[in-house]
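The file query27.txt comes next; it holds compact mmCIF, C-alpha atoms and all ligand atoms.
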```txt
# COMPACT_ATOMS: atom_id res chain seq x y z
CA MET R 29 -20.18 0.77 14.84
CA LYS R 30 -22.59 -1.79 16.25
CA GLU R 31 -22.80 -5.33 14.88
CA ARG R 32 -25.87 -6.16 12.78
CA ILE R 33 -26.31 -9.46 14.56
CA PHE R 34 -25.94 -9.70 18.30
CA ALA R 35 -26.83 -12.08 21.12
CA ALA R 36 -27.79 -11.56 24.74
CA GLU R 37 -29.13 -13.44 27.73
CA GLY R 38 -32.41 -11.79 28.57
CA LEU R 39 -35.52 -11.72 30.71
CA ILE R 40 -38.76 -10.51 29.16
CA ILE R 41 -40.27 -7.92 31.46
CA ARG R 42 -43.04 -6.57 29.27
CA THR R 43 -44.90 -7.42 26.07
CA ARG R 44 -47.31 -5.59 23.84
CA VAL R 45 -48.94 -6.36 20.53
CA LEU R 46 -47.78 -4.90 17.26
CA GLY R 47 -49.92 -5.03 14.14
CA GLU R 48 -51.66 -8.26 13.23
CA ALA R 49 -49.37 -10.98 14.48
CA ASP R 50 -46.21 -9.46 15.95
CA ARG R 51 -45.25 -8.80 19.51
CA ILE R 52 -42.93 -6.17 20.95
CA VAL R 53 -41.05 -7.38 23.99
CA THR R 54 -39.07 -5.40 26.53
CA LEU R 55 -35.97 -7.29 27.55
CA LEU R 56 -33.65 -6.82 30.46
CA THR R 57 -30.40 -8.42 29.38
CA ARG R 58 -27.25 -9.31 31.21
CA GLU R 59 -24.96 -7.83 28.56
CA GLU R 60 -26.88 -5.10 26.74
CA GLY R 61 -29.13 -3.50 29.34
CA LYS R 62 -32.80 -2.92 28.71
CA PHE R 63 -34.29 -2.54 25.24
CA GLU R 64 -37.32 -3.35 23.11
CA ALA R 65 -37.29 -5.92 20.33
CA VAL R 66 -39.80 -7.27 17.84
CA ALA R 67 -40.80 -10.92 17.66
CA ARG R 68 -42.31 -11.32 14.23
CA GLY R 69 -45.35 -13.59 13.96
CA ALA R 70 -45.18 -14.41 17.67
CA ARG R 71 -48.96 -14.34 18.06
CA LYS R 72 -49.61 -16.97 15.41
CA THR R 73 -50.40 -20.40 16.79
CA LYS R 74 -47.78 -21.99 14.57
CA SER R 75 -45.02 -19.59 15.59
CA LYS R 76 -41.89 -21.29 16.84
CA LEU R 77 -41.00 -18.16 18.80
CA ALA R 78 -44.34 -17.70 20.58
CA ALA R 79 -43.76 -19.63 23.78
CA GLY R 80 -40.29 -18.17 24.28
CA VAL R 81 -41.10 -14.51 23.72
CA ASP R 82 -43.77 -14.11 26.36
CA ILE R 83 -43.45 -12.28 29.66
CA PHE R 84 -41.30 -14.06 32.31
CA ALA R 85 -39.27 -15.86 29.64
CA HIS R 86 -35.57 -16.30 30.32
CA GLY R 87 -33.40 -17.28 27.41
CA ARG R 88 -30.47 -16.64 25.15
CA PHE R 89 -31.71 -14.49 22.30
CA THR R 90 -30.16 -13.48 19.03
CA PHE R 91 -31.18 -10.29 17.31
CA HIS R 92 -30.86 -8.67 13.97
CA ARG R 93 -30.54 -4.91 14.25
CA GLY R 94 -33.64 -3.62 12.44
CA ARG R 95 -34.44 -0.10 11.40
CA THR R 96 -36.70 0.68 14.36
CA TRP R 97 -36.26 -2.22 16.76
CA PRO R 98 -33.91 -5.17 16.96
CA ILE R 99 -35.67 -8.26 15.61
CA VAL R 100 -35.57 -11.52 17.54
CA THR R 101 -34.17 -14.07 15.12
CA SER R 102 -33.74 -17.06 17.40
CA LEU R 103 -33.82 -18.07 21.01
CA ASP R 104 -32.64 -20.76 23.31
CA PRO R 105 -35.08 -21.00 26.22
CA ILE R 106 -33.54 -21.38 29.68
CA GLU R 107 -36.50 -20.99 32.04
CA ARG R 108 -40.15 -19.95 31.80
CA PHE R 109 -41.10 -19.46 35.45
CA ASN R 110 -44.31 -21.37 34.83
CA TRP R 111 -45.53 -20.74 38.37
CA PHE R 112 -46.56 -17.24 37.32
CA ARG R 113 -48.90 -18.55 34.65
CA ASP R 114 -50.16 -21.45 36.74
CA ASN R 115 -50.70 -19.69 40.07
CA PRO R 116 -52.94 -16.60 40.04
CA ASP R 117 -51.54 -15.56 43.44
CA LEU R 118 -47.97 -15.40 42.18
CA TYR R 119 -48.75 -13.73 38.85
CA PRO R 120 -49.10 -10.17 40.25
CA TYR R 121 -45.90 -10.55 42.28
CA GLY R 122 -43.89 -11.58 39.24
CA LEU R 123 -45.30 -8.63 37.32
CA TYR R 124 -44.61 -6.27 40.19
CA LEU R 125 -40.90 -7.12 40.12
CA ALA R 126 -40.97 -6.69 36.35
CA GLU R 127 -42.69 -3.31 36.47
CA LEU R 128 -40.43 -2.02 39.21
CA THR R 129 -37.35 -3.05 37.25
CA ASP R 130 -38.71 -1.57 34.05
CA ARG R 131 -39.49 1.76 35.69
CA PHE R 132 -36.23 1.85 37.59
CA ASN R 133 -34.04 1.11 34.61
CA SER R 134 -34.06 3.99 32.19
CA GLY R 135 -31.84 2.93 29.33
CA GLU R 136 -29.36 0.76 27.59
CA GLU R 137 -26.62 0.93 30.15
CA SER R 138 -26.09 -2.65 31.23
CA CYS R 139 -26.42 -3.56 34.87
CA PRO R 140 -25.66 -7.24 35.45
CA GLU R 141 -26.54 -6.92 39.16
CA MET R 142 -30.05 -5.79 38.29
CA PHE R 143 -30.41 -8.65 35.81
CA GLN R 144 -29.32 -11.14 38.45
CA LEU R 145 -31.62 -9.54 41.02
CA LEU R 146 -34.70 -9.98 38.84
CA LEU R 147 -33.66 -13.50 37.89
CA ASP R 148 -33.27 -14.39 41.58
CA GLY R 149 -36.55 -12.67 42.45
CA TRP R 150 -38.58 -14.59 39.87
CA GLN R 151 -36.83 -17.82 40.81
CA LEU R 152 -37.40 -17.44 44.54
CA LEU R 153 -41.07 -16.48 44.21
CA GLY R 154 -41.71 -20.00 42.94
CA GLY R 155 -40.46 -21.53 46.19
CA ASP R 156 -41.28 -21.34 49.86
CA VAL R 157 -40.84 -17.66 50.67
CA ASP R 158 -42.76 -14.81 52.26
CA HIS R 159 -43.83 -12.92 49.12
CA ALA R 160 -44.06 -9.55 50.84
CA LEU R 161 -40.59 -9.84 52.38
CA LEU R 162 -39.16 -10.92 49.05
CA CYS R 163 -40.65 -7.82 47.42
CA ARG R 164 -39.22 -5.56 50.14
CA ALA R 165 -35.78 -7.13 49.77
CA PHE R 166 -36.08 -6.72 46.01
CA GLU R 167 -37.04 -3.04 46.33
CA LEU R 168 -34.15 -2.25 48.68
CA LYS R 169 -31.62 -4.09 46.52
CA LEU R 170 -32.94 -2.51 43.36
CA ALA R 171 -32.50 0.92 44.94
CA ASN R 172 -28.98 -0.11 45.83
CA CYS R 173 -28.25 -1.02 42.17
CA GLY R 174 -29.07 2.58 41.29
CA GLY R 175 -27.08 4.00 44.18
CA TYR R 176 -30.23 5.16 46.01
CA SER R 177 -30.08 2.88 49.02
CA PRO R 178 -31.68 4.45 52.09
CA GLN R 179 -29.31 5.14 54.98
CA MET R 180 -30.43 2.86 57.81
CA HIS R 181 -27.47 2.79 60.17
CA PHE R 182 -27.17 6.27 61.65
CA CYS R 183 -28.77 9.69 61.40
CA THR R 184 -28.45 10.87 57.80
CA VAL R 185 -27.93 14.45 58.97
CA CYS R 186 -25.69 14.45 62.06
CA GLY R 187 -24.42 10.90 62.04
CA CYS R 188 -25.47 10.04 65.59
CA GLU R 189 -26.51 6.47 66.23
CA VAL R 190 -29.78 6.84 68.10
CA SER R 191 -32.51 7.21 65.56
CA LEU R 192 -35.85 5.50 65.13
CA LEU R 193 -37.35 7.99 62.72
CA PHE R 194 -37.41 7.40 58.98
CA SER R 195 -37.51 10.35 56.60
CA PRO R 196 -38.01 9.59 52.89
CA LYS R 197 -37.03 13.16 52.07
CA GLN R 198 -33.75 13.01 53.99
CA GLY R 199 -32.98 9.59 52.53
CA GLY R 200 -33.09 7.38 55.59
CA MET R 201 -32.97 7.33 59.37
CA VAL R 202 -32.81 10.58 61.32
CA CYS R 203 -32.57 11.39 65.01
CA SER R 204 -35.23 13.42 66.82
CA ARG R 205 -33.12 16.61 66.67
CA CYS R 206 -32.64 16.43 62.89
CA SER R 207 -36.03 15.05 61.84
CA ALA R 208 -37.94 16.74 59.03
CA THR R 209 -41.72 16.98 58.89
CA ASP R 210 -42.12 13.81 56.84
CA ALA R 211 -40.26 11.61 59.35
CA VAL R 212 -42.22 8.68 60.75
CA LYS R 213 -41.37 6.59 63.78
CA ILE R 214 -40.53 2.97 63.06
CA THR R 215 -40.00 0.20 65.56
CA ALA R 216 -36.59 -1.24 66.36
CA GLY R 217 -37.77 -4.55 64.93
CA THR R 218 -38.66 -3.04 61.56
CA LEU R 219 -35.37 -1.15 61.43
CA ALA R 220 -33.46 -4.36 62.13
CA LEU R 221 -35.48 -6.17 59.46
CA ALA R 222 -34.77 -3.46 56.87
CA LYS R 223 -31.02 -3.52 57.62
CA HIS R 224 -31.03 -7.29 57.43
CA LEU R 225 -32.83 -7.33 54.07
CA ILE R 226 -30.30 -4.89 52.62
CA GLU R 227 -27.36 -7.01 53.75
CA ILE R 228 -28.32 -10.61 53.05
CA PRO R 229 -28.24 -12.16 49.58
CA MET R 230 -31.64 -12.73 47.96
CA ALA R 231 -31.52 -16.48 48.45
CA LYS R 232 -31.41 -16.02 52.24
CA VAL R 233 -34.77 -14.21 52.20
CA THR R 234 -36.48 -17.61 51.92
CA LYS R 235 -35.55 -18.32 55.54
CA LEU R 236 -37.07 -15.11 56.89
CA ARG R 237 -40.46 -14.65 58.51
CA ALA R 238 -41.85 -11.48 60.10
CA GLY R 239 -44.95 -10.25 61.88
CA ALA R 240 -47.76 -8.50 60.02
CA GLU R 241 -47.07 -5.19 61.75
CA GLN R 242 -43.39 -5.18 60.82
CA LYS R 243 -44.24 -6.10 57.25
CA SER R 244 -46.77 -3.33 56.85
CA GLU R 245 -44.40 -0.79 58.45
CA LEU R 246 -41.65 -1.84 56.09
CA ALA R 247 -43.99 -1.73 53.09
CA GLY R 248 -44.94 1.84 53.98
CA LEU R 249 -41.28 2.74 54.41
CA THR R 250 -40.11 1.47 51.02
CA ALA R 251 -43.19 2.83 49.24
CA SER R 252 -42.70 6.33 50.63
CA PHE R 253 -38.97 6.21 49.92
CA PHE R 254 -39.52 5.16 46.30
CA ALA R 255 -42.32 7.67 45.84
CA TYR R 256 -40.15 10.53 47.04
CA HIS R 257 -36.86 9.71 45.34
CA LEU R 258 -37.77 7.83 42.24
CA ASP R 259 -41.15 9.14 41.28
CA LEU R 260 -42.52 5.60 41.26
CA GLY R 261 -45.77 6.55 42.96
CA ASP R 262 -48.00 5.18 40.26
CA LEU R 263 -47.10 1.51 39.96
CA LYS R 264 -49.93 -0.27 38.16
CA THR R 265 -49.20 -3.69 39.56
CA ARG R 266 -48.86 -2.66 43.19
CA ARG R 267 -52.58 -2.14 43.67
CA LEU R 268 -53.20 -5.75 42.60
CA LEU R 269 -50.87 -7.24 45.19
CA PRO R 270 -52.80 -8.91 48.00
CA GLU R 271 -50.93 -7.04 50.77
CA MET O 25 -46.54 14.47 -5.37
CA VAL O 26 -49.71 16.50 -5.85
CA TYR O 27 -53.05 14.79 -5.33
CA PRO O 28 -56.51 16.25 -5.80
CA GLY O 29 -57.83 17.26 -2.37
CA SER O 30 -60.60 14.69 -2.02
CA PHE O 31 -58.30 11.88 -3.16
CA LYS O 32 -55.79 12.85 -0.52
CA LYS O 33 -58.51 12.90 2.09
CA LEU O 34 -59.73 9.43 1.07
CA VAL O 35 -56.21 8.00 1.28
CA GLU O 36 -55.74 9.54 4.70
CA VAL O 37 -58.97 7.99 5.96
CA LEU O 38 -58.09 4.55 4.55
CA CYS O 39 -54.69 4.77 6.24
CA ARG O 40 -56.50 4.65 9.56
CA PHE O 41 -57.46 0.99 9.01
CA PRO O 42 -55.22 -1.44 10.89
CA GLY O 43 -52.39 -2.77 8.76
CA VAL O 44 -53.03 -0.35 5.91
CA GLY O 45 -50.14 1.85 4.87
CA PRO O 46 -50.12 4.70 2.34
CA LYS O 47 -49.46 2.39 -0.61
CA THR O 48 -52.32 0.00 0.15
CA ALA O 49 -54.55 2.98 0.90
CA GLN O 50 -53.82 4.40 -2.53
CA ARG O 51 -54.64 1.08 -4.14
CA LEU O 52 -57.91 0.87 -2.24
CA ALA O 53 -58.75 4.45 -3.18
CA PHE O 54 -58.26 3.71 -6.88
CA TYR O 55 -60.34 0.56 -6.47
CA LEU O 56 -63.20 2.57 -4.96
CA LEU O 57 -62.98 5.13 -7.77
CA GLY O 58 -63.30 2.31 -10.28
CA LEU O 59 -66.61 1.14 -8.80
CA SER O 60 -70.02 2.43 -9.78
CA ARG O 61 -71.52 5.14 -7.58
CA ASP O 62 -74.16 2.68 -6.30
CA ASP O 63 -71.50 0.22 -5.18
CA VAL O 64 -69.60 2.90 -3.31
CA VAL O 65 -72.79 4.07 -1.62
CA ALA O 66 -73.58 0.45 -0.66
CA ILE O 67 -70.16 0.08 0.95
CA ALA O 68 -70.44 3.35 2.84
CA ARG O 69 -73.97 2.55 3.93
CA ALA O 70 -72.98 -0.91 5.21
CA MET O 71 -70.33 0.73 7.39
CA VAL O 72 -72.72 3.27 8.88
CA GLU O 73 -75.45 0.67 9.38
CA ALA O 74 -73.10 -1.72 11.15
CA LYS O 75 -71.93 1.10 13.37
CA ASP O 76 -75.51 2.10 14.21
CA LYS O 77 -77.03 -1.32 14.68
CA LEU O 78 -74.26 -3.39 16.23
CA GLY O 79 -72.94 -3.40 19.74
CA PHE O 80 -71.79 -5.76 22.46
CA CYS O 81 -74.54 -7.80 24.09
CA PRO O 82 -74.91 -6.59 27.69
CA LEU O 83 -75.26 -10.17 28.90
CA CYS O 84 -72.61 -12.16 27.00
CA GLY O 85 -70.44 -9.42 25.47
CA CYS O 86 -70.70 -10.86 21.95
CA LEU O 87 -70.94 -8.63 18.94
CA SER O 88 -74.66 -8.52 18.23
CA GLU O 89 -77.56 -6.48 16.85
CA LEU O 90 -78.49 -3.92 19.48
CA ASP O 91 -82.05 -5.13 19.96
CA SER O 92 -81.42 -8.87 20.22
CA CYS O 93 -78.31 -11.02 20.65
CA SER O 94 -78.17 -13.78 18.07
CA TYR O 95 -76.41 -16.07 20.54
CA CYS O 96 -78.30 -15.45 23.79
CA ASN O 97 -81.68 -15.48 22.03
CA ASP O 98 -81.06 -18.62 19.99
CA ALA O 99 -83.29 -21.31 21.52
CA GLY O 100 -81.35 -23.99 19.66
CA ARG O 101 -78.24 -23.31 21.72
CA ASP O 102 -77.35 -25.24 24.86
CA GLN O 103 -77.96 -22.74 27.67
CA SER O 104 -76.05 -24.82 30.19
CA ILE O 105 -72.59 -24.36 28.68
CA LEU O 106 -70.59 -21.12 28.64
CA LEU O 107 -67.44 -20.66 26.61
CA ILE O 108 -65.26 -17.82 27.87
CA VAL O 109 -63.09 -15.97 25.34
CA GLN O 110 -60.96 -12.84 25.50
CA GLU O 111 -62.23 -10.96 22.46
CA ALA O 112 -65.48 -10.72 20.53
CA ARG O 113 -63.62 -11.76 17.37
CA ASP O 114 -62.69 -15.06 19.07
CA VAL O 115 -66.40 -15.92 19.05
CA LEU O 116 -66.46 -15.68 15.27
CA VAL O 117 -63.49 -18.03 15.07
CA MET O 118 -65.19 -20.54 17.37
CA GLU O 119 -68.39 -20.30 15.35
CA ARG O 120 -66.44 -21.17 12.22
CA THR O 121 -65.78 -24.64 13.62
CA GLY O 122 -69.54 -25.28 13.64
CA GLN O 123 -68.92 -27.60 16.59
CA TYR O 124 -69.86 -25.48 19.54
CA ARG O 125 -73.55 -25.05 20.33
CA GLY O 126 -73.48 -23.46 23.78
CA LEU O 127 -73.39 -19.79 24.83
CA TYR O 128 -70.47 -17.39 25.12
CA HIS O 129 -69.00 -14.95 27.57
CA VAL O 130 -66.56 -12.35 26.23
CA LEU O 131 -64.14 -10.82 28.72
CA HIS O 132 -62.91 -8.07 26.37
CA GLY O 133 -59.37 -8.56 27.60
CA ALA O 134 -57.27 -10.63 29.98
CA LEU O 135 -55.79 -9.97 33.40
CA SER O 136 -52.91 -7.65 32.66
CA PRO O 137 -51.81 -5.76 35.76
CA LEU O 138 -49.05 -3.99 33.82
CA ASP O 139 -51.75 -2.35 31.72
CA GLY O 140 -53.89 -1.67 34.76
CA ILE O 141 -56.36 -4.44 33.90
CA GLY O 142 -57.47 -6.35 36.96
CA PRO O 143 -60.58 -8.39 37.82
CA GLU O 144 -62.69 -5.22 38.11
CA GLU O 145 -61.85 -4.05 34.61
CA LEU O 146 -62.92 -7.44 33.20
CA LYS O 147 -66.27 -7.04 34.99
CA LEU O 148 -66.02 -10.56 36.38
CA ASP O 149 -68.88 -9.85 38.77
CA ARG O 150 -71.12 -9.96 35.70
CA LEU O 151 -69.84 -13.42 34.85
CA GLU O 152 -70.36 -14.62 38.41
CA LYS O 153 -73.88 -13.22 38.48
CA ARG O 154 -74.64 -14.96 35.22
CA ILE O 155 -73.42 -18.30 36.51
CA ALA O 156 -75.20 -17.89 39.83
CA GLU O 157 -78.53 -17.00 38.26
CA LYS O 158 -78.68 -19.15 35.14
CA GLU O 159 -78.65 -22.89 34.79
CA VAL O 160 -74.99 -23.21 33.83
CA SER O 161 -73.41 -26.61 34.35
CA GLU O 162 -70.11 -26.20 32.48
CA VAL O 163 -67.74 -23.34 31.80
CA ILE O 164 -65.09 -23.79 29.12
CA ILE O 165 -62.22 -21.32 29.38
CA ALA O 166 -60.75 -20.45 25.98
CA THR O 167 -58.48 -17.53 26.82
CA ASN O 168 -55.27 -17.30 24.78
CA PRO O 169 -52.55 -19.87 25.55
CA ASN O 170 -50.02 -17.23 26.58
CA VAL O 171 -49.00 -16.12 30.08
CA GLU O 172 -51.76 -13.54 30.33
CA GLY O 173 -54.44 -15.91 29.08
CA ASP O 174 -53.25 -18.78 31.27
CA ALA O 175 -53.09 -16.60 34.37
CA THR O 176 -56.58 -15.34 33.61
CA ALA O 177 -57.81 -18.93 33.19
CA GLY O 178 -56.29 -19.89 36.55
CA TYR O 179 -57.90 -16.91 38.21
CA LEU O 180 -61.30 -17.72 36.69
CA ALA O 181 -61.09 -21.36 37.72
CA ARG O 182 -60.52 -20.31 41.31
CA LEU O 183 -63.22 -17.65 41.20
CA LEU O 184 -65.79 -20.15 39.97
CA LYS O 185 -64.91 -22.89 42.43
CA PRO O 186 -67.69 -22.03 44.91
CA TYR O 187 -70.33 -22.44 42.19
CA SER O 188 -71.33 -25.99 41.42
CA VAL O 189 -70.17 -25.82 37.84
CA ARG O 190 -67.68 -27.89 35.89
CA VAL O 191 -64.77 -25.68 34.78
CA THR O 192 -62.64 -26.87 31.86
CA ARG O 193 -59.85 -25.36 29.77
CA ILE O 194 -59.83 -26.05 26.04
CA ALA O 195 -57.02 -28.38 25.04
CA PHE O 196 -53.87 -27.04 23.43
CA GLY O 197 -51.90 -29.18 21.12
CA LEU O 198 -49.93 -29.35 17.96
CA PRO O 199 -50.96 -27.25 15.02
CA VAL O 200 -52.53 -29.50 12.40
CA GLY O 201 -50.34 -29.98 9.35
CA GLY O 202 -46.97 -29.55 11.02
CA ASP O 203 -44.20 -31.90 12.06
CA ILE O 204 -43.73 -32.76 15.74
CA GLU O 205 -40.04 -32.14 15.25
CA TYR O 206 -40.70 -28.41 14.98
CA ALA O 207 -42.93 -28.02 18.03
CA ASP O 208 -41.56 -26.18 21.04
CA ASP O 209 -41.39 -28.02 24.37
CA LEU O 210 -44.25 -26.15 26.04
CA THR O 211 -46.64 -26.93 23.19
CA LEU O 212 -45.56 -30.56 23.24
CA SER O 213 -46.03 -30.94 26.98
CA ARG O 214 -49.51 -29.43 26.71
CA ALA O 215 -50.32 -31.72 23.83
CA LEU O 216 -49.36 -34.65 26.06
CA ASP O 217 -51.52 -33.31 28.91
CA GLY O 218 -54.48 -32.99 26.57
CA ARG O 219 -54.13 -36.42 24.90
CA ARG O 220 -57.24 -38.50 24.35
CA GLU O 221 -58.30 -42.09 24.13
CA MET O 222 -58.46 -43.62 20.64
ZN ZN R 301 -29.29 13.73 63.74
ZN ZN R 302 -75.61 -12.23 24.19
```

Show me the file's structure as structure tokens.
Ligand SMILES: [Zn+2]
Ligand SMILES: [Zn+2]
Amino acid sequence: MKERIFAAEGLIIRTRVLGEADRIVTLLTREEGKFEAVARGARKTKSKLAAGVDIFAHGRFTFHRGRTWPIVTSLDPIERFNWFRDNPDLYPYGLYLAELTDRFNSGEESCPEMFQLLLDGWQLLGGDVDHALLCRAFELKLANCGGYSPQMHFCTVCGCEVSLLFSPKQGGMVCSRCSATDAVKITAGTLALAKHLIEIPMAKVTKLRAGAEQKSELAGLTASFFAYHLDLGDLKTRRLLPE
Amino acid sequence: MVYPGSFKKLVEVLCRFPGVGPKTAQRLAFYLLGLSRDDVVAIARAMVEAKDKLGFCPLCGCLSELDSCSYCNDAGRDQSILLIVQEARDVLVMERTGQYRGLYHVLHGALSPLDGIGPEELKLDRLEKRIAEKEVSEVIIATNPNVEGDATAGYLARLLKPYSVRVTRIAFGLPVGGDIEYADDLTLSRALDGRREM
């Protein structure tokens, strides 16, 4: 039996209005996975909760298990990632990471790696980093959290090591003998970049720079891979990214 | 429970109002039944008339009579100031202060990429056109003080930079009547930013 009162460290990845003054928030938590909760009165100007139950909020929340949704009873704010509200260029990027995470994560099973990934992503976007590369690294690592990482090191079919074709359908690199119809040629530079992004920790992405061609090739690669395997073709925020 | 058919229908219709559940709907239904026939007709007629005669002004987006906007066509208003709000109901709230005498621009939303609402959906080209063509000297942005509203304000400020117009954001501070002790840190820091000379 679940406790009536519980606490969790969470990131708010989505909000919507409920009734006259309430807000429903979608939280990704370190301990309890992803779930929706109600913040009562959060849209009133005098609400003590309001500032802490908005999108991009990071805090320690306590909940009371309600009949339909858990109810946020108190919170201890940790970070608000104010750069997303202050900088209109960063806002869509922050939301893109949120939407991707939301769509990728289906239920209440907790995944601390995913929580940490989003936390790192939001944190790093506020600093000196190539936004597009950060998004690609985030996408690849998110896929890895779900066990869907594309195979970049050798041919997915025969295992040989000479392959510069990427096939979303076959789940990664393929050689010319094994390639399916959807395989596209990618340059050695883009392949190296993709491998590198998969391996390095998020914080190291801040040091990376890449040419426009490599970035657009890599963007096409991750987009097609996600579209094929995860049915994430229709991401609302992606069309508002400047890339 | 067995209700007469037309009573049931009335309750069902009333339930469609925001925030009205079956219990309140029943109470309202009994209230209506207690009124004279003329009163009920007057209520029904007011609803239909409002629906027929009111709309959003094509220029400013305010709720107005279809043939003439009571804000845009009011010669006593300062045509050089525009106050931008998210919703038409925000205009009514601003009007209640009796302090603002300029014109309005209603966005009918805020930038919310997760809901598929971008600059195009807010028809910001209409706002730009208005500022380019009319004698506007100041734009006051009064979108909501949440992430969405702030991001929208930032976007608008940048969008309007090329036009020689003063862009301001309304100040956010402490709610009147409360104790500072209970204010959250973000509200307090904004209140400090928006402080004024005494
Ligand atoms: Zn092969
Ligand atoms: Zn008007």

Q) Can I get the residues close to ligand ZN 302 (chain R) as a VMD selection string, where close means within 10 Å and we count only C-alpha atoms and all ligand atoms? A) chain O and resid 80 to 90 92 to 98 127 to 130

Q: Could you please determine the separation between atom CA of R:Glu189 and atom CA of R:Met201 in Å, to one decimal place?
A: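 Those two atoms sit 9.5 Å apart.
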
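Identified as lying at most 7 Å from ligand ZN 301 (chain R) when counting all atoms listed in the file are the residues Cys183, Thr184, Val185, Cys186, Gly187, Cys188, Val202, Cys203, Ser204, Arg205 and Cys206 of chain R.
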
Selection: 8 Å around stretch 112-126 of chain O, only C-alpha atoms, excl. self and same-chain fewer than 6 positions, as a short mmCIF file (atom, residue, chain, number, x, y, z; two decimals) with C-alpha atoms, keeping the file's coordinate frame:
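Final output, around29.cif:
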```
data_model
loop_
_atom_site.label_atom_id
_atom_site.label_comp_id
_atom_site.auth_asym_id
_atom_site.auth_seq_id
_atom_site.Cartn_x
_atom_site.Cartn_y
_atom_site.Cartn_z
CA GLY O 85 -70.44 -9.42 25.47
CA CYS O 86 -70.70 -10.86 21.95
CA LEU O 87 -70.94 -8.63 18.94
CA GLY O 100 -81.35 -23.99 19.66
CA ARG O 101 -78.24 -23.31 21.72
CA ASP O 102 -77.35 -25.24 24.86
CA GLN O 103 -77.96 -22.74 27.67
CA SER O 104 -76.05 -24.82 30.19
CA ILE O 105 -72.59 -24.36 28.68
CA LEU O 106 -70.59 -21.12 28.64
CA HIS O 132 -62.91 -8.07 26.37
#
```

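For the pair atom CA of O:Ala177 and atom CA of O:Val163, the separation is 11.0 Å.
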
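Pairwise distance (atom CA of R:Val53, atom CA of R:Asn115) equals 22.4 Å.
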
Q. Restricting the calculation to all atoms listed in the file, which member of R:Ala126, R:Leu162, R:Leu145, R:Ala35 is positioned closest to chain O?
A.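 Using all atoms listed in the file, chain O sits closest to R:Ala126.
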
Q.
Measuring between all atoms listed in the file, which one of O:Asn168, O:Lys153, O:Pro137, O:Lys158 shows the shortest distance to R:Gly122?
A.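 Going through O:Asn168, O:Lys153, O:Pro137, O:Lys158 one by one, the smallest distance to R:Gly122 is for O:Pro137.
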
Which centre and which edge lengths, in Å to one decimal, describe the axis-aligned box that holds all listed atoms of stretch 35-49 of chain O after 8 Å is added on each side, as AutoDock Vina command-line options?
```
--center_x -54.2 --center_y 3.4 --center_z 5.1 --size_x 25.5 --size_y 28.3 --size_z 27.5
```

Q.
Show me the residues around (-38.9, -10.9, 28.9) - criterion: an atom at most 8 Å away, only C-alpha atoms counted - as number ranges by chain.
A. R: 38-43, 53-56, 81-86

Using only C-alpha atoms, please write the residues we just selected to a file, as a short mmCIF file (atom, residue, chain, number, x, y, z; two decimals), keeping the file's coordinate frame.
```cif
data_model
loop_
_atom_site.label_atom_id
_atom_site.label_comp_id
_atom_site.auth_asym_id
_atom_site.auth_seq_id
_atom_site.Cartn_x
_atom_site.Cartn_y
_atom_site.Cartn_z
CA GLY R 38 -32.41 -11.79 28.57
CA LEU R 39 -35.52 -11.72 30.71
CA ILE R 40 -38.76 -10.51 29.16
CA ILE R 41 -40.27 -7.92 31.46
CA ARG R 42 -43.04 -6.57 29.27
CA THR R 43 -44.90 -7.42 26.07
CA VAL R 53 -41.05 -7.38 23.99
CA THR R 54 -39.07 -5.40 26.53
CA LEU R 55 -35.97 -7.29 27.55
CA LEU R 56 -33.65 -6.82 30.46
CA VAL R 81 -41.10 -14.51 23.72
CA ASP R 82 -43.77 -14.11 26.36
CA ILE R 83 -43.45 -12.28 29.66
CA PHE R 84 -41.30 -14.06 32.31
CA ALA R 85 -39.27 -15.86 29.64
CA HIS R 86 -35.57 -16.30 30.32
#
```

**Q.** Minimum-distance residue to chain R, chosen among O:Leu59, O:Val44, O:Ala49, O:Ala156 (using only C-alpha atoms)
**A.**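 For chain R, the nearest of the candidates is O:Val44.
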
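Checking O:Ala195, O:Val160, O:Val65, O:Leu138 one by one against chain R, counting only C-alpha atoms, you find the shortest gap at O:Leu138.
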
**Q.** Residue with smallest distance to chain R - pool O:Cys39, O:Val109, O:Ala134, O:Leu198, counting only C-alpha atoms
**A.** O:Leu198

Q: Could the residues of chain O within 9 Å of chain R, counting only C-alpha atoms, be given as a ChimeraX atom specification, please?
A: /O:42-43,136-142,169-179,182,198-199,202,206-211
